[in-house]
$ cat work.tsv   # TSV, C-alpha atoms
chain	number	residue	atom	x	y	z
G	29	MET	CA	0.00	0.00	0.00
G	30	VAL	CA	1.36	3.41	-0.97
G	31	SER	CA	1.72	5.82	1.96
G	32	LYS	CA	0.57	9.46	1.88
G	33	ASP	CA	4.18	10.62	1.80
G	34	GLU	CA	5.00	8.31	-1.11
G	35	GLN	CA	1.95	9.69	-2.93
G	36	ALA	CA	3.27	13.19	-2.25
G	37	LEU	CA	6.63	12.22	-3.73
G	38	ASN	CA	4.98	10.87	-6.88
G	39	ALA	CA	2.86	14.02	-7.27
G	40	SER	CA	5.90	16.21	-6.68
G	41	GLU	CA	7.87	14.37	-9.36
G	42	LYS	CA	5.15	15.30	-11.86
G	43	ARG	CA	5.25	18.91	-10.67
G	44	PHE	CA	9.05	18.83	-10.82
G	45	ARG	CA	8.89	18.01	-14.51
G	46	ARG	CA	6.36	20.81	-15.02
G	47	TYR	CA	8.12	23.51	-13.00
G	48	GLY	CA	11.73	22.35	-13.27
G	49	GLN	CA	12.56	24.66	-16.16
G	50	LEU	CA	12.93	27.92	-14.23
G	51	ALA	CA	15.34	30.27	-15.93
G	52	ASP	CA	17.90	30.76	-13.15
G	53	VAL	CA	19.53	28.99	-10.24
G	54	ILE	CA	17.98	29.23	-6.79
G	55	ARG	CA	20.13	31.56	-4.67
G	56	LEU	CA	17.89	31.84	-1.60
G	57	ILE	CA	15.80	29.27	0.29
G	58	CYS	CA	13.17	30.63	2.67
G	59	VAL	CA	12.00	28.05	5.24
G	60	ASP	CA	9.10	28.20	7.68
G	61	ILE	CA	9.87	26.83	11.15
G	62	ASP	CA	6.86	25.18	12.82
G	63	GLY	CA	5.33	22.41	10.73
G	64	THR	CA	8.14	22.64	8.17
G	65	LEU	CA	11.67	22.84	9.53
G	66	LEU	CA	10.71	21.19	12.84
G	67	ASP	CA	8.91	17.86	13.11
G	68	SER	CA	5.58	17.42	14.91
G	69	ARG	CA	7.43	17.16	18.24
G	70	PHE	CA	9.08	20.54	17.52
G	71	GLN	CA	12.49	18.92	17.08
G	72	LEU	CA	15.15	19.94	14.56
G	73	ARG	CA	16.31	16.69	13.00
G	74	TYR	CA	19.94	16.04	12.11
G	75	ASN	CA	19.25	15.34	8.41
G	76	VAL	CA	17.24	18.56	8.06
G	77	ARG	CA	20.03	20.60	9.63
G	78	GLU	CA	22.64	18.97	7.39
G	79	ALA	CA	20.55	19.59	4.26
G	80	LEU	CA	20.43	23.33	4.95
G	81	ARG	CA	24.14	23.32	5.71
G	82	ARG	CA	24.78	21.73	2.30
G	83	ALA	CA	22.66	24.40	0.66
G	84	SER	CA	24.56	27.13	2.49
G	85	GLN	CA	27.88	25.62	1.45
G	86	ASP	CA	26.61	25.66	-2.13
G	87	GLY	CA	26.25	29.45	-1.87
G	88	ILE	CA	22.51	29.57	-1.18
G	89	HIS	CA	21.32	32.21	1.30
G	90	ILE	CA	19.13	30.60	3.99
G	91	VAL	CA	16.20	32.52	5.50
G	92	LEU	CA	13.99	31.38	8.35
G	93	ALA	CA	10.48	32.87	8.01
G	94	THR	CA	8.22	32.42	11.00
G	95	GLY	CA	5.33	33.75	13.01
G	96	ARG	CA	7.51	33.43	16.11
G	97	ASN	CA	9.21	36.48	17.52
G	98	LEU	CA	12.94	36.89	16.97
G	99	ASP	CA	13.78	35.76	20.49
G	100	SER	CA	11.95	32.44	19.96
G	101	ALA	CA	13.50	31.90	16.53
G	102	PHE	CA	17.10	32.48	17.63
G	103	PRO	CA	17.69	29.08	19.32
G	104	ILE	CA	16.68	27.31	16.12
G	105	ALA	CA	18.86	29.58	14.01
G	106	THR	CA	21.76	28.89	16.38
G	107	ALA	CA	21.16	25.13	16.20
G	108	LEU	CA	21.46	25.24	12.41
G	109	GLY	CA	24.99	26.56	12.81
G	110	ILE	CA	25.07	28.59	9.59
G	111	LYS	CA	24.94	32.25	8.64
G	112	LEU	CA	21.33	33.11	7.84
G	113	SER	CA	18.64	35.79	7.85
G	114	ILE	CA	15.40	35.72	9.84
G	115	ILE	CA	11.93	36.98	9.01
G	116	SER	CA	9.97	36.88	12.26
G	117	SER	CA	6.55	38.00	13.54
G	118	VAL	CA	4.96	37.02	10.18
G	119	GLY	CA	7.02	39.67	8.39
G	120	GLY	CA	6.88	42.34	11.08
G	121	HIS	CA	10.63	42.06	11.65
G	122	ILE	CA	13.51	41.35	9.27
G	123	ARG	CA	17.02	40.59	10.47
G	124	VAL	CA	19.57	40.22	7.68
G	125	ALA	CA	22.54	37.95	8.27
G	126	ASP	CA	24.84	41.01	8.40
G	127	GLY	CA	22.83	42.50	11.30
G	128	ARG	CA	20.66	45.04	9.45
G	129	THR	CA	17.05	45.12	10.63
G	130	VAL	CA	13.66	46.38	9.42
G	131	GLU	CA	10.51	46.64	11.56
G	132	VAL	CA	6.86	47.05	10.55
G	133	PRO	CA	4.86	47.65	13.77
G	134	LEU	CA	1.12	47.81	14.28
G	135	ALA	CA	-0.39	51.28	14.68
G	136	SER	CA	-1.46	52.16	18.21
G	137	LYS	CA	-5.23	52.48	17.64
G	138	PRO	CA	-5.90	49.10	15.98
G	139	ALA	CA	-3.44	47.39	18.34
G	140	LYS	CA	-5.30	48.72	21.39
G	141	ASP	CA	-8.65	47.76	19.89
G	142	ILE	CA	-7.49	44.21	19.07
G	143	LEU	CA	-6.28	43.74	22.64
G	144	ARG	CA	-9.63	44.87	24.01
G	145	ILE	CA	-11.50	42.54	21.65
G	146	GLY	CA	-9.24	39.68	22.70
G	147	LEU	CA	-9.71	40.26	26.41
G	148	ARG	CA	-13.48	40.64	26.09
G	149	SER	CA	-13.65	37.33	24.19
G	150	GLY	CA	-11.67	35.47	26.86
G	151	SER	CA	-8.67	34.88	24.57
G	152	GLY	CA	-5.03	34.50	25.44
G	153	LEU	CA	-2.86	37.23	23.91
G	154	PHE	CA	0.77	37.33	22.87
G	155	VAL	CA	1.91	40.91	22.16
G	156	THR	CA	5.11	40.48	20.19
G	157	ARG	CA	8.29	42.51	19.97
G	158	PRO	CA	11.54	41.19	18.43
G	159	ASP	CA	13.13	40.45	21.79
G	160	ARG	CA	10.12	39.47	23.87
G	161	SER	CA	6.37	38.93	24.03
G	162	TRP	CA	4.02	40.36	26.59
G	163	THR	CA	1.17	38.04	27.59
G	164	LEU	CA	-2.34	38.96	28.69
G	165	GLY	CA	-5.62	37.14	29.14
G	166	ALA	CA	-6.53	33.48	29.56
G	167	GLN	CA	-3.63	31.42	30.84
G	168	ARG	CA	-5.21	28.16	29.65
G	169	PHE	CA	-4.82	29.34	26.06
G	170	LEU	CA	-1.42	30.97	26.56
G	171	SER	CA	0.04	27.74	27.93
G	172	MET	CA	-0.83	25.95	24.68
G	173	TYR	CA	1.84	27.92	22.80
G	174	ALA	CA	4.45	28.60	25.47
G	175	HIS	CA	6.82	26.35	23.49
G	176	VAL	CA	6.50	28.61	20.43
G	177	ASN	CA	6.56	32.10	21.96
G	178	HIS	CA	8.10	33.13	25.27
G	179	GLY	CA	6.16	35.84	27.11
G	180	THR	CA	6.29	38.05	30.18
G	181	PRO	CA	2.91	38.44	31.95
G	182	ILE	CA	1.53	41.97	32.05
G	183	ASP	CA	-1.81	43.37	33.23
G	184	SER	CA	-1.93	46.72	31.43
G	185	ILE	CA	-3.02	47.24	27.82
G	186	ALA	CA	-1.35	50.67	27.78
G	187	ARG	CA	1.98	49.29	28.96
G	188	SER	CA	1.83	46.37	26.51
G	189	LEU	CA	1.67	48.84	23.61
G	190	PHE	CA	5.07	50.35	24.41
G	191	PRO	CA	7.15	49.87	22.42
G	192	PRO	CA	4.71	49.32	19.50
G	193	PRO	CA	4.00	45.61	18.89
G	194	LEU	CA	4.95	43.89	15.67
G	195	LYS	CA	2.23	41.27	16.03
G	196	ILE	CA	-0.69	40.40	18.28
G	197	SER	CA	-1.63	36.72	18.51
G	198	LEU	CA	-5.10	35.82	19.74
G	199	ILE	CA	-5.53	32.27	21.06
G	200	ASN	CA	-8.95	30.74	21.56
G	201	GLU	CA	-11.27	28.00	20.35
G	202	LYS	CA	-11.64	27.84	16.57
G	203	SER	CA	-15.29	28.95	16.60
G	204	ALA	CA	-14.49	31.95	18.81
G	205	LEU	CA	-11.62	32.98	16.56
G	206	GLU	CA	-13.87	32.99	13.51
G	207	ARG	CA	-16.10	35.57	15.22
G	208	ILE	CA	-13.08	37.58	16.37
G	209	LYS	CA	-11.60	37.62	12.85
G	210	ALA	CA	-14.90	38.86	11.45
G	211	ILE	CA	-15.01	41.74	13.95
G	212	ILE	CA	-11.40	42.79	13.33
G	213	SER	CA	-11.72	42.49	9.55
G	214	LYS	CA	-14.81	44.71	9.53
G	215	ARG	CA	-13.13	47.42	11.60
G	216	TYR	CA	-9.68	47.20	10.06
G	217	PRO	CA	-9.97	45.61	6.60
G	218	ARG	CA	-6.36	46.38	5.66
G	219	LEU	CA	-4.79	44.54	8.59
G	220	GLN	CA	-3.21	41.16	7.91
G	221	LEU	CA	-4.92	38.27	9.70
G	222	ALA	CA	-3.42	34.80	9.33
G	223	SER	CA	-3.81	31.51	11.21
G	224	PRO	CA	-0.58	29.53	11.67
G	225	PHE	CA	-2.61	27.08	13.79
G	226	GLU	CA	-6.39	26.63	13.89
G	227	THR	CA	-6.56	28.04	17.43
G	228	VAL	CA	-4.41	31.12	16.70
G	229	VAL	CA	-4.97	34.32	14.72
G	230	ASP	CA	-1.99	36.60	14.12
G	231	ALA	CA	-2.73	40.28	13.48
G	232	THR	CA	-0.01	42.35	11.82
G	233	ALA	CA	0.21	45.65	9.95
G	234	SER	CA	-1.09	45.69	6.39
G	235	GLU	CA	2.46	45.65	4.99
G	236	ALA	CA	3.70	42.94	7.39
G	237	THR	CA	3.54	39.65	5.49
G	238	LYS	CA	6.17	37.05	4.84
G	239	GLY	CA	5.94	37.84	1.13
G	240	ASN	CA	6.54	41.57	1.59
G	241	ALA	CA	9.38	40.83	4.00
G	242	LEU	CA	11.01	38.45	1.52
G	243	ASP	CA	10.69	41.09	-1.20
G	244	THR	CA	12.41	43.63	1.06
G	245	LEU	CA	15.10	41.17	2.12
G	246	THR	CA	15.99	40.14	-1.43
G	247	LYS	CA	16.48	43.78	-2.38
G	248	MET	CA	18.72	44.30	0.65
G	249	ILE	CA	21.01	41.40	-0.26
G	250	GLY	CA	20.87	41.65	-4.06
G	251	VAL	CA	18.92	38.50	-4.98
G	252	SER	CA	15.96	38.56	-7.37
G	253	LEU	CA	12.65	37.02	-6.29
G	254	GLY	CA	12.86	34.69	-9.27
G	255	GLN	CA	15.95	33.15	-7.64
G	256	THR	CA	14.13	32.28	-4.40
G	257	ALA	CA	12.45	29.12	-3.19
G	258	THR	CA	9.99	29.02	-0.28
G	259	ILE	CA	9.17	25.95	1.82
G	260	GLY	CA	6.14	26.16	4.12
G	261	ASP	CA	2.98	24.59	5.46
G	262	SER	CA	0.59	27.25	6.73
G	263	GLU	CA	-1.64	30.12	5.69
G	264	ASN	CA	0.97	32.77	6.42
G	265	ASP	CA	3.31	31.14	3.86
G	266	LEU	CA	0.95	31.85	0.95
G	267	THR	CA	2.27	35.39	0.41
G	268	ASN	CA	5.75	33.90	0.11
G	269	PHE	CA	4.48	31.35	-2.40
G	270	THR	CA	3.09	34.22	-4.48
G	271	VAL	CA	6.37	36.13	-4.78
G	272	SER	CA	8.91	33.28	-4.84
G	273	GLY	CA	10.27	31.77	-8.01
G	274	LEU	CA	9.59	28.31	-6.61
G	275	SER	CA	7.08	27.35	-3.90
G	276	ILE	CA	7.16	24.06	-1.99
G	277	ALA	CA	4.42	22.95	0.40
G	278	MET	CA	4.77	20.24	3.00
G	279	GLU	CA	2.51	17.18	2.76
G	280	ASN	CA	1.20	18.00	6.26
G	281	ALA	CA	-0.06	21.38	5.01
G	282	PRO	CA	-3.79	21.98	4.42
G	283	GLU	CA	-5.03	21.26	0.90
G	284	LYS	CA	-5.32	24.95	-0.06
G	285	ILE	CA	-1.62	25.40	0.79
G	286	ARG	CA	-0.55	22.32	-1.15
G	287	SER	CA	-2.62	23.31	-4.19
G	288	ALA	CA	-0.96	26.75	-4.23
G	289	ALA	CA	2.56	25.30	-4.41
G	290	ASN	CA	4.70	24.24	-7.36
G	291	TRP	CA	5.94	21.15	-5.52
G	292	VAL	CA	4.70	19.14	-2.55
G	293	ALA	CA	7.39	17.65	-0.29
G	294	PRO	CA	6.94	14.81	2.21
G	295	SER	CA	5.68	15.81	5.65
G	296	ASN	CA	7.79	17.38	8.38
G	297	ASP	CA	7.91	14.00	10.15
G	298	TYR	CA	9.37	12.49	6.96
G	299	GLU	CA	11.98	15.26	6.62
G	300	GLY	CA	10.37	16.99	3.67
G	301	VAL	CA	12.89	19.84	3.87
G	302	VAL	CA	15.65	17.34	3.07
G	303	TRP	CA	13.82	16.24	-0.07
G	304	ALA	CA	13.10	19.85	-1.11
G	305	VAL	CA	16.71	20.97	-0.65
G	306	SER	CA	18.00	17.93	-2.53
G	307	GLN	CA	15.71	18.72	-5.48
G	308	ILE	CA	16.80	22.37	-5.47
G	309	LEU	CA	20.50	21.48	-5.44
G	310	LYS	CA	19.97	18.94	-8.24
G	311	ARG	CA	18.05	21.48	-10.29
G	312	ASN	CA	20.73	24.15	-9.72
G	313	LYS	CA	23.35	21.73	-10.96
G	314	ASP	CA	21.32	21.00	-14.10
G	315	VAL	CA	20.74	24.71	-14.78
G	316	ARG	CA	24.44	25.52	-14.36
G	317	SER	CA	25.32	22.70	-16.76
G	318	SER	CA	22.87	24.06	-19.32
G	319	PHE	CA	24.52	27.50	-19.04
G	320	LYS	CA	27.89	25.92	-19.84
G	321	ASP	CA	26.44	24.24	-22.93
G	322	VAL	CA	25.13	27.49	-24.39

$ encode --input "work.tsv" --output "structure tokens"
Amino acid sequence: MVSKDEQALNASEKRFRRYGQLADVIRLICVDIDGTLLDSRFQLRYNVREALRRASQDGIHIVLATGRNLDSAFPIATALGIKLSIISSVGGHIRVADGRTVEVPLASKPAKDILRIGLRSGSGLFVTRPDRSWTLGAQRFLSMYAHVNHGTPIDSIARSLFPPPLKISLINEKSALERIKAIISKRYPRLQLASPFETVVDATASEATKGNALDTLTKMIGVSLGQTATIGDSENDLTNFTVSGLSIAMENAPEKIRSAANWVAPSNDYEGVVWAVSQILKRNKDVRSSFKDV
């Protein structure tokens, strides 16, 4: 019997033949963290780490793109042991490998309103800055994601808004979040609302998306978007899929994410990042060979 991951490999081989004729080599790989880089136990596997090291050694710029704040992403970046850039807070913060940074904070009025909506609905709230998160509201929801974002408890909305947050995460039951999203969308239609998990909604500024951040980052380091590949599994990766030259979804991603991608890799528990990087390196080699033949 063929497993789901073997089916994904077969489907990806067909897509590889369809999309394998991109005009240039891939010079940047942008990788989501949770559900992509890490397995379902939130572990960084040895083979995944080594695959990204091989890509880095081949001259490919590695970018971690995550909904986590910078502080929560740093241990994973350190564990990879390579020079890389980080897009954190769903695009609200960019840290280039050379230390340059860009921030896109939420405006004060919508941020304050979102916090009030969250508290009235009984949600848990992470108020994210690059170096820390403030936490407010229901502890039972906050504890569900303590492994993803570290937070310092605070009891004042006014204090939590200084300095301006890059992202506000609302944590609640799925049905409650649907109502909350509807309220926020009606009041602030230009804000970005994305769900990295079904019990979380991340609110960021209208310009703060992973796709916009990747666009900014590529300009800062001199790589064209057509030379980028994105690997991801969640709703907030879709903007990256739109701008990247090559998009790769994980088999564990929802169907709408998989259908938006050029390739589908095996799941995070089957080290799909290893497969994706191997295909990219193979394709780069073929493209370089074709250049030599011209």

$ residues_around --input "work.tsv" --residues "range 215-221 of chain G" --least-positions-apart "5" --cutoff "8 Å" --atoms "only C-alpha atoms" --output "list of chain:residue names"
G:Pro138, G:Lys209, G:Val229, G:Asp230, G:Ala231, G:Thr232, G:Ala233, G:Ser234, G:Glu235, G:Ala236, G:Thr237

$ atom_distance --input "work.tsv" --atom1 "CA of Asp67 in chain G" --atom2 "CA of Gly300 in chain G"
9.6 Å

$ closest_residue --input "work.tsv" --among "G:Phe102, G:Trp162, G:Phe225, G:Phe70" --to "Pro282 in chain G" --atoms "all atoms listed in the file"
G:Phe225

$ closest_residue --input "work.tsv" --among "G:Val155, G:Ile208, G:Ala125, G:Val292" --to "Asn97 in chain G" --atoms "all atoms listed in the file"
G:Val155

$ atom_distance --input "work.tsv" --atom1 "CA of Ser171 in chain G" --atom2 "CA of Gly95 in chain G"
16.9 Å

$ decode --input "work.tsv" --residues "range 172-203 of chain G" --atoms "N, CA, C and O atoms" --output "mmCIF file, in the first residue's frame"
data_model
loop_
_atom_site.group_PDB
_atom_site.id
_atom_site.type_symbol
_atom_site.label_atom_id
_atom_site.label_comp_id
_atom_site.auth_asym_id
_atom_site.auth_seq_id
_atom_site.Cartn_x
_atom_site.Cartn_y
_atom_site.Cartn_z
ATOM 1 N N MET G 172 -0.842 26.834 25.845
ATOM 2 C CA MET G 172 -0.831 25.949 24.678
ATOM 3 C C MET G 172 0.326 26.253 23.738
ATOM 4 O O MET G 172 0.790 25.377 23.011
ATOM 5 N N TYR G 173 0.804 27.513 23.747
ATOM 6 C CA TYR G 173 1.842 27.920 22.802
ATOM 7 C C TYR G 173 3.074 28.506 23.482
ATOM 8 O O TYR G 173 3.836 29.244 22.872
ATOM 9 N N ALA G 174 3.259 28.134 24.748
ATOM 10 C CA ALA G 174 4.446 28.604 25.469
ATOM 11 C C ALA G 174 5.727 28.069 24.838
ATOM 12 O O ALA G 174 6.797 28.666 24.973
ATOM 13 N N HIS G 175 5.634 26.928 24.126
ATOM 14 C CA HIS G 175 6.820 26.347 23.486
ATOM 15 C C HIS G 175 7.183 27.083 22.199
ATOM 16 O O HIS G 175 8.290 26.921 21.682
ATOM 17 N N VAL G 176 6.273 27.889 21.676
ATOM 18 C CA VAL G 176 6.502 28.613 20.429
ATOM 19 C C VAL G 176 6.918 30.054 20.695
ATOM 20 O O VAL G 176 7.824 30.575 20.054
ATOM 21 N N ASN G 177 6.235 30.721 21.615
ATOM 22 C CA ASN G 177 6.564 32.100 21.958
ATOM 23 C C ASN G 177 6.757 32.231 23.464
ATOM 24 O O ASN G 177 5.922 31.761 24.234
ATOM 25 N N HIS G 178 7.855 32.857 23.868
ATOM 26 C CA HIS G 178 8.099 33.134 25.275
ATOM 27 C C HIS G 178 7.455 34.479 25.606
ATOM 28 O O HIS G 178 7.534 35.410 24.817
ATOM 29 N N GLY G 179 6.824 34.585 26.766
ATOM 30 C CA GLY G 179 6.160 35.835 27.105
ATOM 31 C C GLY G 179 6.300 36.212 28.560
ATOM 32 O O GLY G 179 6.434 35.353 29.436
ATOM 33 N N THR G 180 6.264 37.515 28.819
ATOM 34 C CA THR G 180 6.290 38.055 30.178
ATOM 35 C C THR G 180 4.889 38.545 30.542
ATOM 36 O O THR G 180 4.334 39.400 29.838
ATOM 37 N N PRO G 181 4.272 38.013 31.596
ATOM 38 C CA PRO G 181 2.909 38.436 31.950
ATOM 39 C C PRO G 181 2.843 39.926 32.267
ATOM 40 O O PRO G 181 3.769 40.502 32.851
ATOM 41 N N ILE G 182 1.743 40.551 31.833
ATOM 42 C CA ILE G 182 1.534 41.966 32.054
ATOM 43 C C ILE G 182 0.033 42.180 32.213
ATOM 44 O O ILE G 182 -0.772 41.425 31.658
ATOM 45 N N ASP G 183 -0.374 43.185 32.990
ATOM 46 C CA ASP G 183 -1.805 43.369 33.235
ATOM 47 C C ASP G 183 -2.325 44.712 32.732
ATOM 48 O O ASP G 183 -3.435 45.117 33.059
ATOM 49 N N SER G 184 -1.548 45.398 31.904
ATOM 50 C CA SER G 184 -1.934 46.720 31.426
ATOM 51 C C SER G 184 -1.871 46.777 29.909
ATOM 52 O O SER G 184 -0.806 46.552 29.318
ATOM 53 N N ILE G 185 -3.004 47.078 29.273
ATOM 54 C CA ILE G 185 -3.017 47.240 27.818
ATOM 55 C C ILE G 185 -2.093 48.386 27.405
ATOM 56 O O ILE G 185 -1.306 48.259 26.458
ATOM 57 N N ALA G 186 -2.164 49.499 28.129
ATOM 58 C CA ALA G 186 -1.351 50.667 27.784
ATOM 59 C C ALA G 186 0.133 50.335 27.817
ATOM 60 O O ALA G 186 0.888 50.704 26.909
ATOM 61 N N ARG G 187 0.556 49.633 28.848
ATOM 62 C CA ARG G 187 1.976 49.288 28.957
ATOM 63 C C ARG G 187 2.396 48.296 27.872
ATOM 64 O O ARG G 187 3.514 48.352 27.367
ATOM 65 N N SER G 188 1.488 47.382 27.512
ATOM 66 C CA SER G 188 1.831 46.371 26.509
ATOM 67 C C SER G 188 2.016 46.966 25.120
ATOM 68 O O SER G 188 2.593 46.326 24.245
ATOM 69 N N LEU G 189 1.543 48.193 24.913
ATOM 70 C CA LEU G 189 1.666 48.837 23.609
ATOM 71 C C LEU G 189 2.939 49.665 23.480
ATOM 72 O O LEU G 189 3.138 50.344 22.469
ATOM 73 N N PHE G 190 3.788 49.628 24.485
ATOM 74 C CA PHE G 190 5.067 50.347 24.412
ATOM 75 C C PHE G 190 6.210 49.374 24.697
ATOM 76 O O PHE G 190 6.230 48.738 25.747
ATOM 77 N N PRO G 191 7.167 49.245 23.750
ATOM 78 C CA PRO G 191 7.146 49.867 22.425
ATOM 79 C C PRO G 191 6.092 49.218 21.524
ATOM 80 O O PRO G 191 5.560 48.172 21.874
ATOM 81 N N PRO G 192 5.778 49.823 20.358
ATOM 82 C CA PRO G 192 4.712 49.318 19.501
ATOM 83 C C PRO G 192 4.915 47.847 19.123
ATOM 84 O O PRO G 192 6.022 47.441 18.755
ATOM 85 N N PRO G 193 3.864 47.042 19.213
ATOM 86 C CA PRO G 193 4.002 45.614 18.891
ATOM 87 C C PRO G 193 4.135 45.369 17.397
ATOM 88 O O PRO G 193 3.599 46.121 16.574
ATOM 89 N N LEU G 194 4.836 44.307 17.061
ATOM 90 C CA LEU G 194 4.949 43.890 15.669
ATOM 91 C C LEU G 194 3.818 42.940 15.290
ATOM 92 O O LEU G 194 3.464 42.842 14.109
ATOM 93 N N LYS G 195 3.271 42.252 16.285
ATOM 94 C CA LYS G 195 2.227 41.270 16.025
ATOM 95 C C LYS G 195 1.441 41.047 17.306
ATOM 96 O O LYS G 195 2.007 41.090 18.406
ATOM 97 N N ILE G 196 0.142 40.826 17.161
ATOM 98 C CA ILE G 196 -0.687 40.397 18.282
ATOM 99 C C ILE G 196 -1.293 39.057 17.914
ATOM 100 O O ILE G 196 -1.956 38.927 16.874
ATOM 101 N N SER G 197 -1.066 38.048 18.735
ATOM 102 C CA SER G 197 -1.627 36.717 18.508
ATOM 103 C C SER G 197 -2.781 36.487 19.476
ATOM 104 O O SER G 197 -2.617 36.644 20.688
ATOM 105 N N LEU G 198 -3.934 36.132 18.939
ATOM 106 C CA LEU G 198 -5.102 35.816 19.737
ATOM 107 C C LEU G 198 -5.288 34.302 19.735
ATOM 108 O O LEU G 198 -5.298 33.675 18.667
ATOM 109 N N ILE G 199 -5.421 33.717 20.921
ATOM 110 C CA ILE G 199 -5.528 32.268 21.058
ATOM 111 C C ILE G 199 -6.862 31.938 21.708
ATOM 112 O O ILE G 199 -7.173 32.442 22.794
ATOM 113 N N ASN G 200 -7.634 31.089 21.040
ATOM 114 C CA ASN G 200 -8.951 30.743 21.556
ATOM 115 C C ASN G 200 -9.445 29.510 20.801
ATOM 116 O O ASN G 200 -8.744 28.973 19.949
ATOM 117 N N GLU G 201 -10.661 29.077 21.112
ATOM 118 C CA GLU G 201 -11.267 27.997 20.348
ATOM 119 C C GLU G 201 -11.499 28.458 18.907
ATOM 120 O O GLU G 201 -11.690 29.654 18.634
ATOM 121 N N LYS G 202 -11.505 27.508 17.984
ATOM 122 C CA LYS G 202 -11.636 27.837 16.567
ATOM 123 C C LYS G 202 -12.901 28.643 16.277
ATOM 124 O O LYS G 202 -12.858 29.634 15.539
ATOM 125 N N SER G 203 -14.025 28.250 16.863
ATOM 126 C CA SER G 203 -15.286 28.952 16.601
ATOM 127 C C SER G 203 -15.242 30.387 17.105
ATOM 128 O O SER G 203 -15.758 31.309 16.460
#
